[in-house]
$ cat data21.txt   # compact mmCIF, C-alpha atoms and all ligand atoms
# COMPACT_ATOMS: atom_id res chain seq x y z
CA MET A 1 0.00 0.00 0.00
CA VAL A 2 1.27 3.47 -0.83
CA ARG A 3 1.42 5.66 2.25
CA LEU A 4 1.89 9.41 1.80
CA ILE A 5 3.57 10.83 4.89
CA GLY A 6 4.09 14.37 3.63
CA PHE A 7 5.39 16.51 0.84
CA VAL A 8 8.53 18.55 0.42
CA PRO A 9 8.37 21.39 -2.08
CA VAL A 10 10.32 21.33 -5.29
CA ARG A 11 13.76 22.80 -4.69
CA VAL A 12 15.37 24.98 -7.34
CA VAL A 13 18.83 26.52 -7.11
CA CYS A 14 19.08 29.87 -8.93
CA VAL A 15 22.53 31.23 -9.73
CA ALA A 16 23.73 34.83 -10.03
CA GLY A 17 27.34 35.84 -10.23
CA ALA A 18 27.99 39.12 -12.01
CA ARG A 19 26.28 42.46 -12.63
CA PRO A 20 24.25 41.41 -15.67
CA ASN A 21 22.85 38.42 -13.74
CA PHE A 22 21.20 40.15 -10.80
CA MET A 23 18.41 41.86 -12.74
CA LYS A 24 17.79 38.63 -14.68
CA VAL A 25 17.56 36.31 -11.69
CA LYS A 26 15.34 38.53 -9.51
CA PRO A 27 12.04 38.03 -11.41
CA VAL A 28 12.75 34.31 -11.80
CA VAL A 29 13.26 33.89 -8.04
CA ASP A 30 10.04 35.82 -7.37
CA ALA A 31 7.97 33.85 -9.88
CA LEU A 32 9.20 30.50 -8.56
CA GLU A 33 8.63 31.46 -4.91
CA ALA A 34 5.14 32.70 -5.79
CA ARG A 35 4.41 29.13 -6.95
CA GLY A 36 5.57 27.62 -3.69
CA VAL A 37 8.96 26.47 -4.94
CA ASP A 38 11.78 26.27 -2.38
CA VAL A 39 14.40 28.53 -4.01
CA GLU A 40 18.04 28.49 -2.93
CA LEU A 41 19.79 31.59 -4.25
CA VAL A 42 23.51 31.29 -4.98
CA HIS A 43 25.82 34.28 -5.46
CA THR A 44 29.14 33.10 -6.87
CA GLY A 45 30.88 36.38 -6.00
CA GLN A 46 32.33 36.88 -9.50
CA HIS A 47 31.33 40.52 -9.05
CA PHE A 48 31.41 41.33 -5.37
CA ASP A 49 31.77 45.02 -4.53
CA ALA A 50 29.29 47.75 -3.66
CA THR A 51 28.84 49.16 -7.17
CA MET A 52 28.90 45.91 -9.16
CA SER A 53 26.90 43.73 -6.76
CA ASP A 54 25.49 45.10 -3.45
CA VAL A 55 23.57 47.97 -5.01
CA PHE A 56 21.50 45.56 -7.12
CA PHE A 57 20.42 43.56 -4.07
CA GLU A 58 19.42 46.79 -2.30
CA GLU A 59 17.66 48.49 -5.20
CA LEU A 60 15.96 45.47 -6.76
CA GLY A 61 14.91 43.98 -3.44
CA LEU A 62 16.75 40.79 -4.30
CA ARG A 63 16.99 38.85 -1.07
CA GLN A 64 20.36 37.92 0.36
CA PRO A 65 21.82 34.75 -1.15
CA ASP A 66 21.50 31.46 0.70
CA HIS A 67 24.99 30.55 -0.48
CA HIS A 68 27.87 32.92 -1.19
CA LEU A 69 30.74 31.25 -3.03
CA GLU A 70 33.10 34.26 -2.80
CA VAL A 71 35.12 33.27 -5.86
CA GLY A 72 36.29 36.85 -6.52
CA ALA A 73 38.07 38.17 -9.58
CA GLY A 74 40.51 36.13 -11.66
CA SER A 75 41.35 34.97 -15.17
CA GLN A 76 38.72 33.24 -17.29
CA ALA A 77 39.90 29.82 -16.14
CA GLU A 78 40.45 30.78 -12.51
CA THR A 79 36.93 32.18 -12.14
CA THR A 80 35.24 29.27 -13.89
CA ALA A 81 37.25 26.68 -11.99
CA ARG A 82 36.65 28.25 -8.57
CA VAL A 83 32.94 28.54 -9.33
CA MET A 84 32.82 24.84 -10.25
CA VAL A 85 34.62 23.66 -7.11
CA GLU A 86 32.47 25.75 -4.76
CA PHE A 87 29.18 25.17 -6.58
CA GLU A 88 29.66 21.40 -6.47
CA LYS A 89 29.56 21.60 -2.66
CA VAL A 90 26.27 23.54 -2.78
CA ILE A 91 24.74 20.96 -5.10
CA GLN A 92 25.88 18.10 -2.89
CA ASN A 93 24.37 19.78 0.18
CA THR A 94 21.08 20.89 -1.35
CA SER A 95 20.23 18.12 -3.88
CA PRO A 96 18.03 20.42 -5.99
CA ASP A 97 15.43 19.20 -8.44
CA ALA A 98 16.51 21.87 -10.88
CA VAL A 99 19.20 24.50 -11.36
CA VAL A 100 18.56 27.78 -13.18
CA VAL A 101 21.46 29.70 -14.71
CA VAL A 102 21.08 33.03 -16.52
CA GLY A 103 23.07 34.86 -19.20
CA ASP A 104 26.57 34.17 -20.39
CA VAL A 105 29.17 34.94 -17.72
CA ASN A 106 31.78 32.52 -16.36
CA SER A 107 29.56 31.73 -13.37
CA THR A 108 26.84 30.65 -15.82
CA VAL A 109 28.98 28.09 -17.60
CA GLY A 110 30.79 26.92 -14.44
CA CYS A 111 27.56 26.17 -12.58
CA ALA A 112 25.99 24.67 -15.72
CA LEU A 113 28.79 22.11 -16.05
CA VAL A 114 28.45 21.09 -12.40
CA ALA A 115 24.64 20.95 -12.49
CA ALA A 116 24.58 18.89 -15.68
CA LYS A 117 26.63 16.14 -14.05
CA SER A 118 24.60 16.21 -10.84
CA GLY A 119 21.36 14.77 -12.16
CA ALA A 120 19.39 17.97 -11.51
CA ARG A 121 17.46 19.41 -14.43
CA LEU A 122 19.36 22.36 -15.81
CA ALA A 123 17.56 25.39 -17.23
CA HIS A 124 19.31 28.18 -19.13
CA VAL A 125 17.59 31.54 -19.20
CA GLU A 126 18.64 33.57 -22.27
CA ALA A 127 19.45 30.48 -24.32
CA GLY A 128 20.20 30.55 -28.04
CA LEU A 129 21.79 34.00 -28.33
CA ARG A 130 24.70 33.80 -30.77
CA SER A 131 27.15 36.49 -31.86
CA ARG A 132 29.10 33.89 -33.88
CA ASP A 133 32.21 35.67 -32.67
CA TRP A 134 34.38 33.04 -31.01
CA ALA A 135 36.79 35.70 -29.77
CA MET A 136 34.11 36.64 -27.21
CA PRO A 137 34.44 34.60 -24.00
CA GLU A 138 30.67 35.00 -23.58
CA GLU A 139 29.98 33.22 -26.89
CA ILE A 140 31.82 30.15 -25.65
CA ASN A 141 29.89 30.34 -22.37
CA ARG A 142 26.56 30.56 -24.23
CA VAL A 143 27.19 27.63 -26.54
CA VAL A 144 28.55 25.34 -23.81
CA THR A 145 25.77 26.22 -21.36
CA ASP A 146 23.06 25.53 -23.93
CA ARG A 147 24.69 22.23 -24.87
CA VAL A 148 24.44 20.80 -21.35
CA SER A 149 21.02 22.28 -20.49
CA ASP A 150 17.75 20.35 -20.41
CA LEU A 151 15.49 23.39 -20.72
CA LEU A 152 16.32 26.31 -22.99
CA PHE A 153 14.46 29.55 -22.32
CA ALA A 154 14.80 31.87 -25.32
CA SER A 155 14.16 35.60 -25.11
CA SER A 156 13.51 36.11 -28.84
CA ALA A 157 12.40 34.11 -31.86
CA ASP A 158 15.85 34.35 -33.50
CA ALA A 159 17.40 32.69 -30.44
CA ALA A 160 14.88 29.85 -30.63
CA THR A 161 15.64 29.48 -34.35
CA ASN A 162 19.38 29.26 -33.61
CA LEU A 163 18.70 26.42 -31.19
CA ILE A 164 16.55 24.52 -33.68
CA SER A 165 19.23 24.89 -36.35
CA GLU A 166 21.84 23.55 -33.90
CA GLY A 167 19.77 20.39 -33.45
CA TYR A 168 18.12 20.94 -30.07
CA ARG A 169 14.78 19.17 -29.61
CA PRO A 170 11.76 21.46 -29.94
CA ASP A 171 10.45 20.24 -26.58
CA GLN A 172 13.57 21.65 -24.87
CA ILE A 173 13.05 25.14 -26.29
CA HIS A 174 10.62 27.62 -24.76
CA LEU A 175 10.21 31.10 -26.21
CA VAL A 176 9.31 33.02 -23.06
CA GLY A 177 10.46 36.63 -23.56
CA ASN A 178 13.07 38.66 -21.77
CA VAL A 179 13.57 38.55 -17.99
CA MET A 180 15.84 41.61 -18.05
CA ILE A 181 12.88 43.53 -19.47
CA ASP A 182 10.65 42.16 -16.68
CA THR A 183 12.95 43.95 -14.23
CA LEU A 184 13.20 47.07 -16.36
CA LEU A 185 9.44 47.46 -16.64
CA SER A 186 8.78 46.82 -12.97
CA ASN A 187 11.35 49.44 -11.92
CA LEU A 188 10.88 52.06 -14.62
CA ASP A 189 8.61 54.40 -12.67
CA ARG A 190 10.95 54.32 -9.66
CA ALA A 191 13.93 54.96 -11.94
CA LYS A 192 12.28 57.93 -13.67
CA ALA A 193 11.44 59.45 -10.28
CA ARG A 194 15.12 59.56 -9.27
CA PRO A 195 16.75 63.00 -9.05
CA TRP A 196 19.83 61.69 -10.89
CA LEU A 197 19.34 63.75 -14.08
CA HIS A 198 18.75 66.93 -12.15
CA ASP A 199 21.71 66.25 -9.83
CA GLN A 200 23.98 65.87 -12.85
CA GLY A 201 22.71 69.14 -14.32
CA LEU A 202 21.52 67.31 -17.45
CA THR A 203 18.58 68.23 -19.65
CA PRO A 204 16.41 65.31 -20.80
CA HIS A 205 17.13 64.17 -24.38
CA GLN A 206 20.20 66.40 -24.67
CA TYR A 207 22.99 64.11 -23.49
CA ALA A 208 24.62 60.80 -24.40
CA VAL A 209 25.40 57.77 -22.21
CA VAL A 210 28.39 55.51 -22.86
CA THR A 211 29.27 52.06 -21.50
CA LEU A 212 32.28 50.10 -22.75
CA HIS A 213 33.86 47.05 -21.16
CA ARG A 214 34.28 44.26 -23.73
CA PRO A 215 37.90 43.04 -23.91
CA SER A 216 37.93 43.64 -27.68
CA ASN A 217 37.33 47.36 -27.08
CA VAL A 218 39.22 48.12 -23.90
CA ASP A 219 42.10 45.66 -23.53
CA ASP A 220 44.09 46.88 -26.52
CA ALA A 221 45.62 50.30 -25.74
CA GLU A 222 45.48 51.52 -29.34
CA THR A 223 41.79 50.56 -29.79
CA LEU A 224 40.88 52.15 -26.46
CA ALA A 225 42.73 55.36 -27.40
CA ARG A 226 40.83 55.55 -30.72
CA LEU A 227 37.49 55.06 -28.98
CA ALA A 228 38.42 57.60 -26.31
CA GLY A 229 39.06 60.10 -29.12
CA LEU A 230 35.63 59.29 -30.58
CA LEU A 231 33.94 59.92 -27.22
CA GLU A 232 35.73 63.26 -26.89
CA TRP A 233 34.37 64.15 -30.34
CA VAL A 234 30.82 63.20 -29.24
CA GLY A 235 31.39 65.26 -26.06
CA GLU A 236 31.85 68.37 -28.18
CA LYS A 237 28.33 67.89 -29.59
CA LEU A 238 26.43 67.09 -26.40
CA PRO A 239 27.23 66.21 -22.77
CA VAL A 240 28.51 62.63 -22.41
CA ILE A 241 28.19 60.55 -19.24
CA PHE A 242 30.38 57.45 -19.08
CA PRO A 243 29.70 55.17 -16.07
CA CYS A 244 32.98 53.36 -16.19
CA HIS A 245 33.24 49.57 -15.64
CA PRO A 246 36.19 48.64 -13.36
CA ARG A 247 37.87 46.78 -16.23
CA THR A 248 37.78 49.91 -18.41
CA ARG A 249 38.80 52.19 -15.56
CA ALA A 250 41.91 50.04 -15.03
CA ARG A 251 42.80 50.16 -18.75
CA LEU A 252 42.39 53.95 -18.90
CA LYS A 253 45.14 54.22 -16.26
CA GLY A 254 43.95 57.56 -14.96
CA ARG A 255 43.61 59.11 -18.44
CA ALA A 256 40.88 61.79 -18.35
CA LEU A 257 38.67 62.29 -21.39
CA ALA A 258 38.10 65.89 -22.41
CA SER A 259 34.38 66.77 -22.48
CA VAL A 260 33.35 63.34 -21.14
CA ALA A 261 32.13 62.83 -17.54
CA LEU A 262 33.75 59.61 -16.38
CA VAL A 263 31.81 58.41 -13.34
CA GLU A 264 31.72 55.27 -11.19
CA PRO A 265 29.34 52.49 -12.31
CA LEU A 266 25.80 53.62 -11.53
CA GLY A 267 23.28 51.78 -9.40
CA TYR A 268 20.50 50.14 -11.38
CA LEU A 269 17.86 52.84 -10.85
CA ASP A 270 20.15 55.75 -11.71
CA PHE A 271 21.48 53.86 -14.71
CA ILE A 272 17.98 53.18 -16.06
CA SER A 273 17.09 56.79 -15.33
CA SER A 274 20.14 57.88 -17.36
CA LEU A 275 19.19 55.64 -20.31
CA ALA A 276 15.51 56.56 -20.30
CA SER A 277 16.11 60.26 -21.01
CA ALA A 278 19.25 59.94 -23.16
CA ARG A 279 19.39 61.32 -26.67
CA LEU A 280 21.88 58.66 -27.69
CA VAL A 281 23.63 55.64 -26.16
CA LEU A 282 26.97 54.22 -27.26
CA THR A 283 27.75 50.79 -25.80
CA ASP A 284 29.26 47.36 -26.18
CA SER A 285 26.98 45.87 -23.49
CA GLY A 286 24.52 43.10 -24.21
CA GLY A 287 21.84 44.21 -21.77
CA VAL A 288 22.01 47.88 -22.72
CA GLN A 289 21.07 47.01 -26.33
CA GLU A 290 17.86 45.45 -25.00
CA GLU A 291 17.06 48.16 -22.47
CA THR A 292 17.45 50.97 -25.03
CA THR A 293 15.19 49.09 -27.42
CA VAL A 294 12.39 48.96 -24.87
CA LEU A 295 13.00 52.56 -23.82
CA GLY A 296 12.95 53.67 -27.48
CA VAL A 297 16.36 55.35 -27.14
CA PRO A 298 18.80 55.25 -30.09
CA CYS A 299 21.68 52.85 -29.38
CA LEU A 300 24.94 52.44 -31.28
CA THR A 301 26.71 49.15 -30.52
CA LEU A 302 30.47 49.51 -30.91
CA ARG A 303 31.09 45.92 -31.97
CA GLU A 304 31.30 43.98 -35.22
CA SER A 305 28.39 41.69 -34.30
CA THR A 306 25.55 41.29 -31.87
CA GLU A 307 24.01 38.20 -30.29
CA ARG A 308 20.84 40.27 -30.00
CA PRO A 309 19.86 41.00 -33.64
CA ILE A 310 16.25 41.54 -32.61
CA THR A 311 17.30 44.88 -31.11
CA VAL A 312 18.36 45.94 -34.61
CA ARG A 313 15.43 44.43 -36.51
CA GLU A 314 12.72 45.38 -34.02
CA GLY A 315 14.41 48.02 -31.89
CA THR A 316 16.57 51.12 -31.89
CA ASN A 317 19.99 49.47 -32.06
CA ARG A 318 22.62 49.79 -34.81
CA VAL A 319 25.77 47.68 -34.85
CA VAL A 320 28.39 50.18 -36.00
CA GLY A 321 31.72 48.40 -35.53
CA THR A 322 34.74 50.28 -34.21
CA ASP A 323 35.87 52.35 -37.20
CA VAL A 324 35.75 55.83 -35.74
CA GLU A 325 34.96 57.63 -39.02
CA VAL A 326 32.04 55.29 -39.71
CA ILE A 327 30.70 55.76 -36.17
CA LYS A 328 30.95 59.54 -36.43
CA ALA A 329 28.82 59.48 -39.58
CA VAL A 330 26.19 57.30 -37.86
CA VAL A 331 26.16 59.57 -34.79
CA GLU A 332 25.38 62.57 -37.04
CA GLU A 333 22.68 60.60 -38.80
CA VAL A 334 21.00 59.32 -35.64
CA LEU A 335 21.09 62.71 -33.93
CA ALA A 336 19.39 64.23 -36.98
CA SER A 337 16.90 61.42 -37.42
CA PRO A 338 16.35 59.03 -34.49
CA PRO A 339 14.91 55.60 -35.28
CA PRO A 340 11.28 54.82 -34.38
CA ALA A 341 10.62 53.04 -31.09
CA ARG A 342 9.36 49.44 -31.35
CA ARG A 343 9.15 46.60 -28.86
CA PRO A 344 9.79 42.91 -29.60
CA ASP A 345 7.08 40.33 -28.92
CA LEU A 346 6.92 38.91 -25.39
CA TRP A 347 9.14 41.66 -23.96
CA ASP A 348 6.15 42.46 -21.82
CA GLY A 349 7.25 41.97 -18.21
CA LYS A 350 5.92 38.41 -17.94
CA ALA A 351 8.87 36.29 -19.06
CA ALA A 352 9.72 35.00 -15.58
CA ASP A 353 6.11 33.86 -15.04
CA ARG A 354 6.30 31.83 -18.22
CA ILE A 355 9.61 30.32 -17.08
CA ALA A 356 8.21 29.39 -13.67
CA GLU A 357 5.18 27.81 -15.30
CA VAL A 358 7.31 25.60 -17.55
CA LEU A 359 9.74 24.70 -14.77
CA THR A 360 7.09 23.75 -12.23
CA ALA A 361 5.04 21.83 -14.80
CA GLY A 362 8.17 19.87 -15.69
CA ILE A 363 8.79 18.81 -12.10
CA SER A 364 5.90 17.40 -10.08
CA ILE A 365 4.90 19.93 -7.44
CA GLY A 366 5.46 18.37 -4.05
CA ARG A 367 7.53 15.22 -3.81
CA PRO A 368 6.24 12.54 -1.45
CA THR A 369 8.72 12.14 1.41
CA ASP A 370 7.74 8.56 2.14
CA LEU A 371 5.83 6.03 0.03
N1 LIG B 1 24.15 48.67 -15.44
C1 LIG B 1 24.05 49.43 -14.28
N2 LIG B 1 24.95 50.43 -14.06
C2 LIG B 1 25.94 50.73 -14.95
C3 LIG B 1 26.04 49.97 -16.13
C4 LIG B 1 25.13 48.94 -16.34
O1 LIG B 1 23.15 49.22 -13.47
O2 LIG B 1 26.74 51.64 -14.67
C5 LIG B 1 23.20 47.56 -15.64
C6 LIG B 1 22.31 47.69 -16.87
O3 LIG B 1 21.02 47.30 -16.51
C7 LIG B 1 22.92 46.71 -17.84
C8 LIG B 1 23.44 45.65 -16.92
O4 LIG B 1 23.93 46.37 -15.80
O5 LIG B 1 21.99 46.18 -18.74
C9 LIG B 1 24.51 44.74 -17.44
O6 LIG B 1 25.47 45.49 -18.02
P1 LIG B 1 26.90 45.00 -18.46
O7 LIG B 1 27.22 45.89 -19.59
O8 LIG B 1 27.79 44.94 -17.28
O9 LIG B 1 26.77 43.47 -18.92
P2 LIG B 1 26.43 42.79 -20.33
O10 LIG B 1 24.97 42.99 -20.54
O11 LIG B 1 27.27 43.38 -21.38
O12 LIG B 1 26.75 41.35 -20.10
$ encode --input "data21.txt" --output "structure tokens"
Amino acid sequence: MVRLIGFVPVRVVCVAGARPNFMKVKPVVDALEARGVDVELVHTGQHFDATMSDVFFEELGLRQPDHHLEVGAGSQAETTARVMVEFEKVIQNTSPDAVVVVGDVNSTVGCALVAAKSGARLAHVEAGLRSRDWAMPEEINRVVTDRVSDLLFASSADAATNLISEGYRPDQIHLVGNVMIDTLLSNLDRAKARPWLHDQGLTPHQYAVVTLHRPSNVDDAETLARLAGLLEWVGEKLPVIFPCHPRTRARLKGRALASVALVEPLGYLDFISSLASARLVLTDSGGVQEETTVLGVPCLTLRESTERPITVREGTNRVVGTDVEVIKAVVEEVLASPPPARRPDLWDGKAADRIAEVLTAGISIGRPTDL
């Protein structure tokens, strides 16, 4: 006779490790907890300081992690390896039913490799994005993470199409929308109410925002010097604010940029506030391409490719490369004639709900503790 003694809830480990992860994991944690799932939040500590980590917990209301791996900074291999060693202990102690990893940082791939060998179901949020640029560490992380995942949550139709063409089974792929946009939409009013713009003495729609941190743009001194010259040129046309990633700050070695306000990385709300009223954004960030699309703000991506082509086809993004003369011509063009605002399908603030629905349907809710 089957005897049901009690039920334990489904346990899901959610992983965040670096700045672009925190705003992606927050709505997923909330949506799972709202369905009664026992969520264990892991912070790998890949980004760990006040401006790159703490501020996102405070401003987004992301609860403190249940496990802090404190891996710290290091080379590509050092970070990934430390994440794997520490995350394996968490998995052994928690025996989750599923593990959710987001994005494309080293913590994503490190935890994915460990989870895949543990027997837990592995879900990748933001699956299928492809720049096809193998010089990007993130591209390797994306491809490897997808390959070992059971569930692939795609933010756009092109990402789902990439996965199909790579041979993934259709039942693994779920087109759910964009969790980063869930967080953007739920915080937009708070962000717009911030006094940041006023405090900076900026007039709405009359300034530019810059973010640059990809190794291809900032690690080579000659490339960085060329781009710095470009920013100084933009700064002669309109005020430029450049919240500077620690990697870029280190490469600039104290070099000031004439007519460009180099500031510390901004907290999430001030950063979104800065984007929302910008006339123009120049970036090499992945997330910023998506945020500017939803905010309807012109974005120039200083890279040769993007893993987010939907922001070009259905948004305000243009991939302009790094040839300074070409970029200058596009800046003139976009300032004179900004692109129309459009928003991709399913970027509606409900992506995390769709993810939680799929995840909880895939694992029986409530496991009998004794049969
Ligand atoms: N961001 C922020 N403050 C900043 C720069 C960025 O809050 O000064 C946020 C913003 O929401 C952005 C996200 O951090 O989308 C991730 O940005 P990052 O460029 O670090 O990562 P990527 O998206 O390129 O992986």
$ axis_aligned_box --input "data21.txt" --around "ligand LIG 1 (chain B)" --padding-each-side "6 Å" --output "AutoDock Vina command-line options"
--center_x 24.4 --center_y 46.5 --center_z -17.4 --size_x 18.8 --size_y 22.3 --size_z 19.9
$ residues_around --input "data21.txt" --residues "segment 96-99 of chain A" --least-positions-apart "2" --cutoff "6 Å" --atoms "only C-alpha atoms" --output "ChimeraX atom specification"
/A:11-14,94,120-122
$ closest_residue --input "data21.txt" --among "A:Ala356, A:Ile91, A:Ala77, A:Val297" --to "Ser277 of chain A" --atoms "all atoms listed in the file"
A:Val297
$ atom_distance --input "data21.txt" --atom1 "atom CA of Val55 of chain A" --atom2 "atom CA of Leu269 of chain A"
9.5 Å
$ atom_distance --input "data21.txt" --atom1 "atom CA of Val210 of chain A" --atom2 "atom CA of Leu197 of chain A"
15.1 Å
$ residues_around --input "data21.txt" --residues "Glu357 of chain A" --least-positions-apart "2" --cutoff "12 Å" --atoms "all atoms listed in the file" --output "list in words"
Val28, Ala31, Leu32, Glu33, Ala34, Arg35, Gly36, Val37, Phe153, His174, Val176, Lys350, Ala351, Ala352, Asp353, Arg354, Ile355, Leu359, Thr360, Ala361, Gly362, Ile363, Ser364 and Ile365 of chain A
$ closest_atom_pairs --input "data21.txt" --of "chain A" --to "ligand LIG 1 (chain B)" --cutoff "6 Å" --atoms "only C-alpha atoms and all ligand atoms" --output "JSON lines"
{"residue": "A:Arg19", "atom": "CA", "partner": "B:LIG1", "partner_atom": "O8", "distance": 5.5}
{"residue": "A:Pro20", "atom": "CA", "partner": "B:LIG1", "partner_atom": "C9", "distance": 3.8}
{"residue": "A:Pro243", "atom": "CA", "partner": "B:LIG1", "partner_atom": "O2", "distance": 4.8}
{"residue": "A:Pro265", "atom": "CA", "partner": "B:LIG1", "partner_atom": "O2", "distance": 3.6}
{"residue": "A:Leu266", "atom": "CA", "partner": "B:LIG1", "partner_atom": "O2", "distance": 3.8}
{"residue": "A:Gly267", "atom": "CA", "partner": "B:LIG1", "partner_atom": "O1", "distance": 4.8}
{"residue": "A:Tyr268", "atom": "CA", "partner": "B:LIG1", "partner_atom": "O1", "distance": 3.5}
{"residue": "A:Phe271", "atom": "CA", "partner": "B:LIG1", "partner_atom": "N2", "distance": 4.9}
{"residue": "A:Ser285", "atom": "CA", "partner": "B:LIG1", "partner_atom": "O11", "distance": 3.3}
{"residue": "A:Gly286", "atom": "CA", "partner": "B:LIG1", "partner_atom": "O10", "distance": 3.7}
{"residue": "A:Gly287", "atom": "CA", "partner": "B:LIG1", "partner_atom": "O10", "distance": 3.6}
{"residue": "A:Val288", "atom": "CA", "partner": "B:LIG1", "partner_atom": "O5", "distance": 4.3}
$ residues_around --input "data21.txt" --residues "Ala221 of chain A" --least-positions-apart "4" --cutoff "9 Å" --atoms "all atoms listed in the file" --output "ChimeraX atom specification"
/A:217,225-226,251-252
$ residues_near_point --input "data21.txt" --point "(30.9, 61.0, -19.8)" --cutoff "12 Å" --atoms "all atoms listed in the file" --output "number ranges by chain"
A: 200, 202, 207-212, 228, 230-236, 238-244, 256-265, 274, 281-282
$ atom_distance --input "data21.txt" --atom1 "atom CA of Gln46 of chain A" --atom2 "atom CA of Val100 of chain A"
16.9 Å
$ closest_residue --input "data21.txt" --among "A:Leu152, A:Val331, A:Val39, A:Leu62" --to "Arg169 of chain A" --atoms "only C-alpha atoms"
A:Leu152
$ residues_around --input "data21.txt" --residues "Arg82 of chain A" --least-positions-apart "3" --cutoff "6 Å" --atoms "only C-alpha atoms" --output "list in words"
Val71, Thr79 and Val85 of chain A
$ residues_around --input "data21.txt" --residues "Ser273 of chain A" --least-positions-apart "6" --cutoff "9 Å" --atoms "all atoms listed in the file" --output "list in words"
Leu188, Arg190, Ala191, Lys192, Ala193, Arg194, Pro195, Trp196 and Leu197 of chain A
$ write_last_selection --input "data21.txt" --atoms "C-alpha atoms" --output "PDB file, in the frame of the given file"
ATOM      1  CA  LEU A 188      10.880  52.060 -14.620  1.00  0.00           C
ATOM      2  CA  ARG A 190      10.950  54.320  -9.660  1.00  0.00           C
ATOM      3  CA  ALA A 191      13.930  54.960 -11.940  1.00  0.00           C
ATOM      4  CA  LYS A 192      12.280  57.930 -13.670  1.00  0.00           C
ATOM      5  CA  ALA A 193      11.440  59.450 -10.280  1.00  0.00           C
ATOM      6  CA  ARG A 194      15.120  59.560  -9.270  1.00  0.00           C
ATOM      7  CA  PRO A 195      16.750  63.000  -9.050  1.00  0.00           C
ATOM      8  CA  TRP A 196      19.830  61.690 -10.890  1.00  0.00           C
ATOM      9  CA  LEU A 197      19.340  63.750 -14.080  1.00  0.00           C
TER      10      LEU A 197
END
$ decode --input "data21.txt" --residues "segment 192-205 of chain A" --atoms "N, CA and C atoms" --output "PDB file, in the first residue's frame"
ATOM      1  N   LYS A 192      12.558  56.592 -13.096  1.00  0.00           N
ATOM      2  CA  LYS A 192      12.280  57.925 -13.665  1.00  0.00           C
ATOM      3  C   LYS A 192      12.072  58.969 -12.572  1.00  0.00           C
ATOM      4  N   ALA A 193      11.671  58.504 -11.387  1.00  0.00           N
ATOM      5  CA  ALA A 193      11.441  59.450 -10.277  1.00  0.00           C
ATOM      6  C   ALA A 193      12.741  59.851  -9.579  1.00  0.00           C
ATOM      7  N   ARG A 194      13.852  59.231  -9.935  1.00  0.00           N
ATOM      8  CA  ARG A 194      15.122  59.556  -9.269  1.00  0.00           C
ATOM      9  C   ARG A 194      15.582  60.966  -9.642  1.00  0.00           C
ATOM     10  N   PRO A 195      16.271  61.639  -8.747  1.00  0.00           N
ATOM     11  CA  PRO A 195      16.746  62.999  -9.053  1.00  0.00           C
ATOM     12  C   PRO A 195      18.063  63.004  -9.843  1.00  0.00           C
ATOM     13  N   TRP A 196      18.496  61.828 -10.319  1.00  0.00           N
ATOM     14  CA  TRP A 196      19.828  61.694 -10.893  1.00  0.00           C
ATOM     15  C   TRP A 196      20.117  62.729 -11.990  1.00  0.00           C
ATOM     16  N   LEU A 197      19.152  62.856 -12.927  1.00  0.00           N
ATOM     17  CA  LEU A 197      19.344  63.746 -14.081  1.00  0.00           C
ATOM     18  C   LEU A 197      19.566  65.186 -13.607  1.00  0.00           C
ATOM     19  N   HIS A 198      18.685  65.578 -12.712  1.00  0.00           N
ATOM     20  CA  HIS A 198      18.752  66.930 -12.155  1.00  0.00           C
ATOM     21  C   HIS A 198      20.083  67.140 -11.423  1.00  0.00           C
ATOM     22  N   ASP A 199      20.457  66.146 -10.604  1.00  0.00           N
ATOM     23  CA  ASP A 199      21.708  66.254  -9.830  1.00  0.00           C
ATOM     24  C   ASP A 199      22.921  66.400 -10.739  1.00  0.00           C
ATOM     25  N   GLN A 200      22.847  65.784 -11.910  1.00  0.00           N
ATOM     26  CA  GLN A 200      23.980  65.868 -12.852  1.00  0.00           C
ATOM     27  C   GLN A 200      23.940  67.155 -13.682  1.00  0.00           C
ATOM     28  N   GLY A 201      22.861  67.913 -13.523  1.00  0.00           N
ATOM     29  CA  GLY A 201      22.708  69.143 -14.316  1.00  0.00           C
ATOM     30  C   GLY A 201      22.429  68.841 -15.786  1.00  0.00           C
ATOM     31  N   LEU A 202      21.774  67.704 -16.056  1.00  0.00           N
ATOM     32  CA  LEU A 202      21.518  67.314 -17.448  1.00  0.00           C
ATOM     33  C   LEU A 202      20.086  67.642 -17.852  1.00  0.00           C
ATOM     34  N   THR A 203      19.918  67.976 -19.114  1.00  0.00           N
ATOM     35  CA  THR A 203      18.584  68.231 -19.651  1.00  0.00           C
ATOM     36  C   THR A 203      18.124  66.980 -20.390  1.00  0.00           C
ATOM     37  N   PRO A 204      16.894  66.517 -20.115  1.00  0.00           N
ATOM     38  CA  PRO A 204      16.414  65.308 -20.795  1.00  0.00           C
ATOM     39  C   PRO A 204      16.560  65.402 -22.312  1.00  0.00           C
ATOM     40  N   HIS A 205      17.005  64.319 -22.920  1.00  0.00           N
ATOM     41  CA  HIS A 205      17.129  64.173 -24.379  1.00  0.00           C
ATOM     42  C   HIS A 205      18.198  65.084 -24.987  1.00  0.00           C
TER      43      HIS A 205
END
